[in-house]
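Participant: So here's upload-v8.txt, just compact mmCIF, C-alpha atoms (C1' of nucleotides):
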# COMPACT_ATOMS: atom_id res chain seq x y z
CA MET A 1 -39.33 38.65 -112.81
CA ASN A 2 -40.13 37.94 -109.22
CA TYR A 3 -43.77 38.63 -109.33
CA PHE A 4 -44.21 36.78 -106.08
CA ALA A 5 -41.79 39.12 -104.33
CA ARG A 6 -43.88 42.06 -105.51
CA VAL A 7 -46.99 40.55 -103.99
CA TYR A 8 -45.16 39.75 -100.78
CA GLU A 9 -43.91 43.32 -100.48
CA VAL A 10 -47.41 44.69 -100.81
CA VAL A 11 -48.82 42.17 -98.36
CA ARG A 12 -46.17 43.08 -95.82
CA ARG A 13 -47.25 46.72 -96.06
CA ILE A 14 -50.79 45.96 -94.97
CA PRO A 15 -51.22 47.57 -91.53
CA PRO A 16 -52.74 45.56 -88.69
CA GLY A 17 -56.48 45.80 -88.43
CA ARG A 18 -56.75 46.51 -92.14
CA VAL A 19 -57.45 44.30 -95.11
CA THR A 20 -56.96 44.66 -98.83
CA THR A 21 -58.21 42.85 -101.86
CA TYR A 22 -56.51 40.88 -104.58
CA GLY A 23 -57.76 43.33 -107.14
CA HIS A 24 -56.19 46.32 -105.40
CA ILE A 25 -52.87 44.53 -105.09
CA ALA A 26 -52.99 43.59 -108.75
CA ALA A 27 -53.90 47.14 -109.70
CA TYR A 28 -51.04 48.47 -107.58
CA LEU A 29 -48.66 46.17 -109.41
CA GLY A 30 -49.97 47.56 -112.68
CA LEU A 31 -52.05 44.60 -113.71
CA ARG A 32 -55.62 44.96 -114.82
CA SER A 33 -56.83 41.57 -113.75
CA GLY A 34 -53.78 39.82 -112.45
CA ALA A 35 -55.64 39.09 -109.26
CA ARG A 36 -55.33 35.41 -110.03
CA MET A 37 -51.59 35.74 -109.90
CA VAL A 38 -51.87 37.38 -106.49
CA GLY A 39 -53.74 34.37 -105.21
CA TRP A 40 -51.23 32.12 -106.89
CA ALA A 41 -48.36 33.95 -105.24
CA LEU A 42 -49.94 33.52 -101.84
CA ASN A 43 -50.57 29.90 -102.67
CA ALA A 44 -46.81 29.59 -103.15
CA LEU A 45 -46.41 31.00 -99.65
CA LYS A 46 -47.85 27.94 -98.02
CA ASN A 47 -45.54 25.88 -100.18
CA GLU A 48 -42.58 27.81 -98.83
CA GLY A 49 -43.87 27.53 -95.30
CA ASP A 50 -43.47 31.28 -94.83
CA TRP A 51 -47.14 32.13 -95.05
CA PHE A 52 -47.13 32.81 -91.32
CA SER A 53 -44.41 35.42 -91.85
CA LEU A 54 -46.72 37.52 -93.97
CA PRO A 55 -50.13 38.93 -93.05
CA ALA A 56 -51.68 36.93 -95.83
CA HIS A 57 -54.79 36.65 -93.70
CA ARG A 58 -55.34 40.36 -94.37
CA VAL A 59 -55.84 39.68 -98.05
CA VAL A 60 -59.42 39.00 -98.98
CA ASN A 61 -61.32 39.00 -102.21
CA ARG A 62 -63.26 41.97 -103.56
CA ARG A 63 -66.36 41.01 -101.57
CA GLY A 64 -64.46 40.72 -98.31
CA GLU A 65 -64.82 36.97 -98.19
CA LEU A 66 -62.04 34.89 -96.68
CA THR A 67 -61.65 32.73 -99.73
CA GLY A 68 -58.22 31.48 -98.68
CA ARG A 69 -59.12 30.41 -95.18
CA MET A 70 -58.77 26.76 -96.09
CA HIS A 71 -55.06 27.31 -96.70
CA PHE A 72 -54.38 28.45 -93.17
CA GLY A 73 -54.60 24.98 -91.75
CA GLY A 74 -58.17 25.52 -90.60
CA TYR A 75 -61.35 27.18 -91.66
CA HIS A 76 -61.40 29.45 -88.61
CA VAL A 77 -57.72 30.38 -88.30
CA MET A 78 -57.83 33.24 -90.77
CA GLU A 79 -60.97 34.64 -89.20
CA ASP A 80 -59.50 34.46 -85.70
CA LEU A 81 -56.33 36.21 -86.81
CA LEU A 82 -58.32 39.08 -88.28
CA ARG A 83 -60.58 39.36 -85.26
CA ALA A 84 -57.54 39.41 -83.00
CA GLU A 85 -56.38 42.51 -84.89
CA GLY A 86 -59.70 44.22 -84.40
CA VAL A 87 -61.21 43.51 -87.78
CA THR A 88 -64.97 43.38 -87.65
CA PHE A 89 -67.01 40.89 -89.58
CA LEU A 90 -70.45 41.27 -91.04
CA GLU A 91 -73.20 38.84 -90.24
CA ASP A 92 -72.57 37.28 -93.61
CA GLY A 93 -69.14 36.21 -92.41
CA ARG A 94 -67.42 38.76 -94.58
CA VAL A 95 -64.95 41.48 -93.58
CA ASP A 96 -66.37 44.97 -93.32
CA LEU A 97 -64.40 46.45 -96.21
CA SER A 98 -66.06 49.83 -95.72
CA ARG A 99 -64.16 50.19 -92.45
CA HIS A 100 -61.04 48.08 -92.86
CA LEU A 101 -60.24 48.31 -96.55
CA TRP A 102 -56.65 49.38 -97.08
CA ILE A 103 -55.35 50.36 -100.50
CA PRO A 104 -51.66 49.86 -101.44
CA GLY A 105 -49.92 53.17 -101.96
CA ALA A 106 -52.08 54.98 -99.43
CA ASP A 107 -50.33 54.25 -96.17
CA GLU A 108 -52.76 56.33 -94.16
CA PRO A 109 -56.09 56.88 -95.85
CA CYS A 110 -58.10 59.43 -93.93
CA ASP A 111 -61.50 58.07 -94.76
CA ALA A 112 -60.86 54.56 -93.58
CA PRO A 113 -60.73 54.83 -89.79
CA ILE A 114 -60.07 51.71 -87.80
CA ALA A 115 -63.23 50.66 -86.08
CA PRO A 116 -62.90 49.70 -82.41
CA GLY A 117 -65.04 46.67 -82.98
CA PRO A 118 -68.03 45.50 -80.95
C1' DT B 1 -42.37 24.37 -126.46
C1' DG B 2 -47.00 23.95 -125.25
C1' DT B 3 -50.81 22.95 -122.15
C1' DA B 4 -52.97 23.32 -117.69
C1' DT B 5 -53.85 25.72 -113.43
C1' DG B 6 -54.82 29.32 -109.82
C1' DA B 7 -56.70 32.07 -102.24
C1' DC B 8 -59.73 36.40 -108.84
C1' DC B 9 -62.65 40.19 -111.46
C1' DA B 10 -65.96 42.07 -114.47
C1' DG B 11 -69.30 41.58 -117.68
C1' DT B 12 -73.03 38.81 -119.61
C1' DC B 13 -76.98 35.31 -120.10
C1' DC C 1 -81.50 37.86 -109.18
C1' DG C 2 -78.44 33.66 -109.68
C1' DA C 3 -75.18 31.29 -112.47
C1' DC C 4 -71.82 31.17 -116.29
C1' DT C 5 -68.07 32.53 -119.27
C1' DG C 6 -63.89 34.85 -120.72
C1' DG C 7 -59.75 37.19 -119.61
C1' DC C 8 -55.63 38.24 -117.32
C1' DC C 9 -50.55 37.09 -116.00
C1' DA C 10 -47.04 34.11 -114.33
C1' DT C 11 -45.65 29.45 -112.67
C1' DA C 12 -45.48 24.21 -112.98
C1' DC C 13 -45.28 19.92 -115.49
Give the structure from this file in structure tokens form.
Facilitator:
Amino acid sequence: MNYFARVYEVVRRIPPGRVTTYGHIAAYLGLRSGARMVGWALNALKNEGDWFSLPAHRVVNRRGELTGRMHFGGYHVMEDLLRAEGVTFLEDGRVDLSRHLWIPGADEPCDAPIAPGP
DNA sequence: TGTATGACCAGTC
DNA sequence: CGACTGGCCATAC
């Protein structure tokens, strides 16, 4: 079963300026705590060299931390990509999930407006 | 076939 | 409040 393809499909659906978490993707796929597999699937992306084809930089952990930034070829690449899309960061260096969190299945959540950024 | 691993999560000490 | 452990599922060796 192409579990990776499932993850890729969900990641592709993430709108610009929005981010989602591993847990939500796993939950959308029907897994309780398959979040590790989500990370593993994205890890396979860099192996395939197609990681740049998918907005993998929009996938963060439940706290909004860019845990996978080291896999983007630089520790600041992922952050720059998100900022370029208008994603705002907290002073802690985490993504403001309260404003940019996007949940799979809800293409246009009404209570998650895109913030214009500072 | 079986063990080890992973860009995680939630609960517990 | 900070740190640790177990679990979860699929892939790789």
Participant: Give me, as a Markdown table, each residue of chain A that comes within 12 Å of chain B, together with its shortest interatomic pair and the distance in Å at one decimal, counting all atoms listed in the file, with rows ordered by chain and rising residue number.
Facilitator:
| residue | atom | partner | partner_atom | distance |
| --- | --- | --- | --- | --- |
| A:Thr21 | CA | B:DC8 | C1' | 9.6 |
| A:Tyr22 | CA | B:DC8 | C1' | 7.0 |
| A:Gly23 | CA | B:DC9 | C1' | 7.2 |
| A:His24 | CA | B:DC9 | C1' | 10.8 |
| A:Ile25 | CA | B:DC8 | C1' | 11.3 |
| A:Ala26 | CA | B:DC8 | C1' | 9.9 |
| A:Ala27 | CA | B:DC9 | C1' | 11.3 |
| A:Leu31 | CA | B:DC9 | C1' | 11.7 |
| A:Arg32 | CA | B:DC9 | C1' | 9.1 |
| A:Ser33 | CA | B:DC9 | C1' | 6.4 |
| A:Gly34 | CA | B:DC8 | C1' | 7.8 |
| A:Ala35 | CA | B:DC8 | C1' | 4.9 |
| A:Arg36 | CA | B:DC8 | C1' | 4.7 |
| A:Met37 | CA | B:DG6 | C1' | 7.2 |
| A:Val38 | CA | B:DC8 | C1' | 8.3 |
| A:Gly39 | CA | B:DA7 | C1' | 4.8 |
| A:Trp40 | CA | B:DG6 | C1' | 5.4 |
| A:Ala41 | CA | B:DA7 | C1' | 9.1 |
| A:Leu42 | CA | B:DA7 | C1' | 6.9 |
| A:Asn43 | CA | B:DA7 | C1' | 6.5 |
| A:Ala44 | CA | B:DA7 | C1' | 10.2 |
| A:Leu45 | CA | B:DA7 | C1' | 10.7 |
| A:Lys46 | CA | B:DA7 | C1' | 10.6 |
| A:Trp51 | CA | B:DA7 | C1' | 12.0 |
| A:Ala56 | CA | B:DA7 | C1' | 9.5 |
| A:His57 | CA | B:DA7 | C1' | 9.9 |
| A:Arg58 | CA | B:DA7 | C1' | 11.5 |
| A:Val59 | CA | B:DA7 | C1' | 8.7 |
| A:Val60 | CA | B:DA7 | C1' | 8.1 |
| A:Asn61 | CA | B:DC8 | C1' | 7.3 |
| A:Arg62 | CA | B:DC9 | C1' | 8.1 |
| A:Arg63 | CA | B:DC9 | C1' | 10.6 |
| A:Glu65 | CA | B:DA7 | C1' | 10.3 |
| A:Leu66 | CA | B:DA7 | C1' | 8.2 |
| A:Thr67 | CA | B:DA7 | C1' | 5.6 |
| A:Gly68 | CA | B:DA7 | C1' | 3.9 |
| A:Arg69 | CA | B:DA7 | C1' | 7.6 |
| A:Met70 | CA | B:DA7 | C1' | 8.4 |
| A:His71 | CA | B:DA7 | C1' | 7.5 |
| A:Phe72 | CA | B:DA7 | C1' | 10.0 |
| A:Met78 | CA | B:DA7 | C1' | 11.6 |
Participant: Please report as a short mmCIF file (atom, residue, chain, number, x, y, z; two decimals) with C-alpha atoms (C1' of nucleotides), in the frame of the given file which residues of chain C come no farther than 10 Å from chain A, using all atoms listed in the file.
Facilitator:
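What landed in result-v2.cif:
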data_model
loop_
_atom_site.label_atom_id
_atom_site.label_comp_id
_atom_site.auth_asym_id
_atom_site.auth_seq_id
_atom_site.Cartn_x
_atom_site.Cartn_y
_atom_site.Cartn_z
"C1'" DG C 7 -59.75 37.19 -119.61
"C1'" DC C 8 -55.63 38.24 -117.32
"C1'" DC C 9 -50.55 37.09 -116.00
"C1'" DA C 10 -47.04 34.11 -114.33
"C1'" DT C 11 -45.65 29.45 -112.67
#
Participant: In Å, rounded to a single decimal, give me how far atom CA of Ala84 of chain A is from atom CA of Thr20 of chain A.
Facilitator: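 Taking atom CA of Thr20 of chain A and atom CA of Ala84 of chain A, their separation equals 16.7 Å.
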Participant: Between atom CA of Leu82 of chain A and atom CA of Arg18 of chain A, what is the distance, to one decimal in Å?
Facilitator: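 About the pair atom CA of Leu82 of chain A and atom CA of Arg18 of chain A: they are 8.5 Å apart.
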Participant: To one decimal place, how far is atom CA of Val95 of chain A from atom CA of Arg83 of chain A in Å?
Facilitator: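 Between atom CA of Val95 of chain A and atom CA of Arg83 of chain A the gap works out to 9.6 Å.
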Participant: Can you complete the atoms of segment 68-90 of chain A to N, CA and C atoms and list them as a compact mmCIF listing (two decimals), keeping the file's coordinate frame?
Facilitator:
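The file below, result-v3.txt, is the result:
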# COMPACT_ATOMS: atom_id res chain seq x y z
N GLY A 68 -59.40 32.31 -98.87
CA GLY A 68 -58.22 31.48 -98.68
C GLY A 68 -58.12 30.89 -97.29
N ARG A 69 -59.21 30.89 -96.57
CA ARG A 69 -59.12 30.41 -95.18
C ARG A 69 -58.72 28.94 -95.12
N MET A 70 -59.07 28.19 -96.12
CA MET A 70 -58.77 26.76 -96.09
C MET A 70 -57.27 26.49 -96.15
N HIS A 71 -56.51 27.48 -96.57
CA HIS A 71 -55.06 27.31 -96.70
C HIS A 71 -54.31 27.66 -95.42
N PHE A 72 -55.03 28.06 -94.42
CA PHE A 72 -54.38 28.45 -93.17
C PHE A 72 -54.38 27.31 -92.16
N GLY A 73 -54.62 26.12 -92.64
CA GLY A 73 -54.60 24.98 -91.75
C GLY A 73 -55.91 24.77 -91.02
N GLY A 74 -56.87 25.65 -91.26
CA GLY A 74 -58.17 25.52 -90.60
C GLY A 74 -59.12 26.54 -91.16
N TYR A 75 -60.37 26.28 -91.07
CA TYR A 75 -61.35 27.18 -91.66
C TYR A 75 -61.63 28.39 -90.76
N HIS A 76 -61.12 28.35 -89.55
CA HIS A 76 -61.40 29.45 -88.61
C HIS A 76 -60.15 30.23 -88.25
N VAL A 77 -58.99 29.74 -88.67
CA VAL A 77 -57.72 30.38 -88.30
C VAL A 77 -57.66 31.79 -88.85
N MET A 78 -57.91 31.93 -90.13
CA MET A 78 -57.83 33.24 -90.77
C MET A 78 -58.79 34.23 -90.11
N GLU A 79 -59.97 33.77 -89.83
CA GLU A 79 -60.97 34.64 -89.20
C GLU A 79 -60.51 35.07 -87.81
N ASP A 80 -59.97 34.13 -87.05
CA ASP A 80 -59.50 34.46 -85.70
C ASP A 80 -58.36 35.47 -85.76
N LEU A 81 -57.45 35.29 -86.69
CA LEU A 81 -56.33 36.21 -86.81
C LEU A 81 -56.84 37.63 -87.07
N LEU A 82 -57.78 37.76 -87.96
CA LEU A 82 -58.32 39.08 -88.28
C LEU A 82 -59.06 39.67 -87.09
N ARG A 83 -59.84 38.86 -86.43
CA ARG A 83 -60.58 39.36 -85.26
C ARG A 83 -59.64 39.79 -84.16
N ALA A 84 -58.52 39.07 -84.04
CA ALA A 84 -57.54 39.41 -83.00
C ALA A 84 -56.93 40.78 -83.28
N GLU A 85 -56.94 41.21 -84.55
CA GLU A 85 -56.38 42.51 -84.89
C GLU A 85 -57.43 43.61 -84.83
N GLY A 86 -58.64 43.22 -84.53
CA GLY A 86 -59.70 44.22 -84.40
C GLY A 86 -60.57 44.35 -85.63
N VAL A 87 -60.39 43.44 -86.57
CA VAL A 87 -61.21 43.51 -87.78
C VAL A 87 -62.62 43.01 -87.47
N THR A 88 -63.58 43.77 -87.91
CA THR A 88 -64.97 43.38 -87.65
C THR A 88 -65.54 42.62 -88.84
N PHE A 89 -66.41 41.70 -88.53
CA PHE A 89 -67.01 40.89 -89.58
C PHE A 89 -68.50 41.19 -89.67
N LEU A 90 -69.02 41.09 -90.85
CA LEU A 90 -70.45 41.27 -91.04
C LEU A 90 -71.16 39.96 -90.69
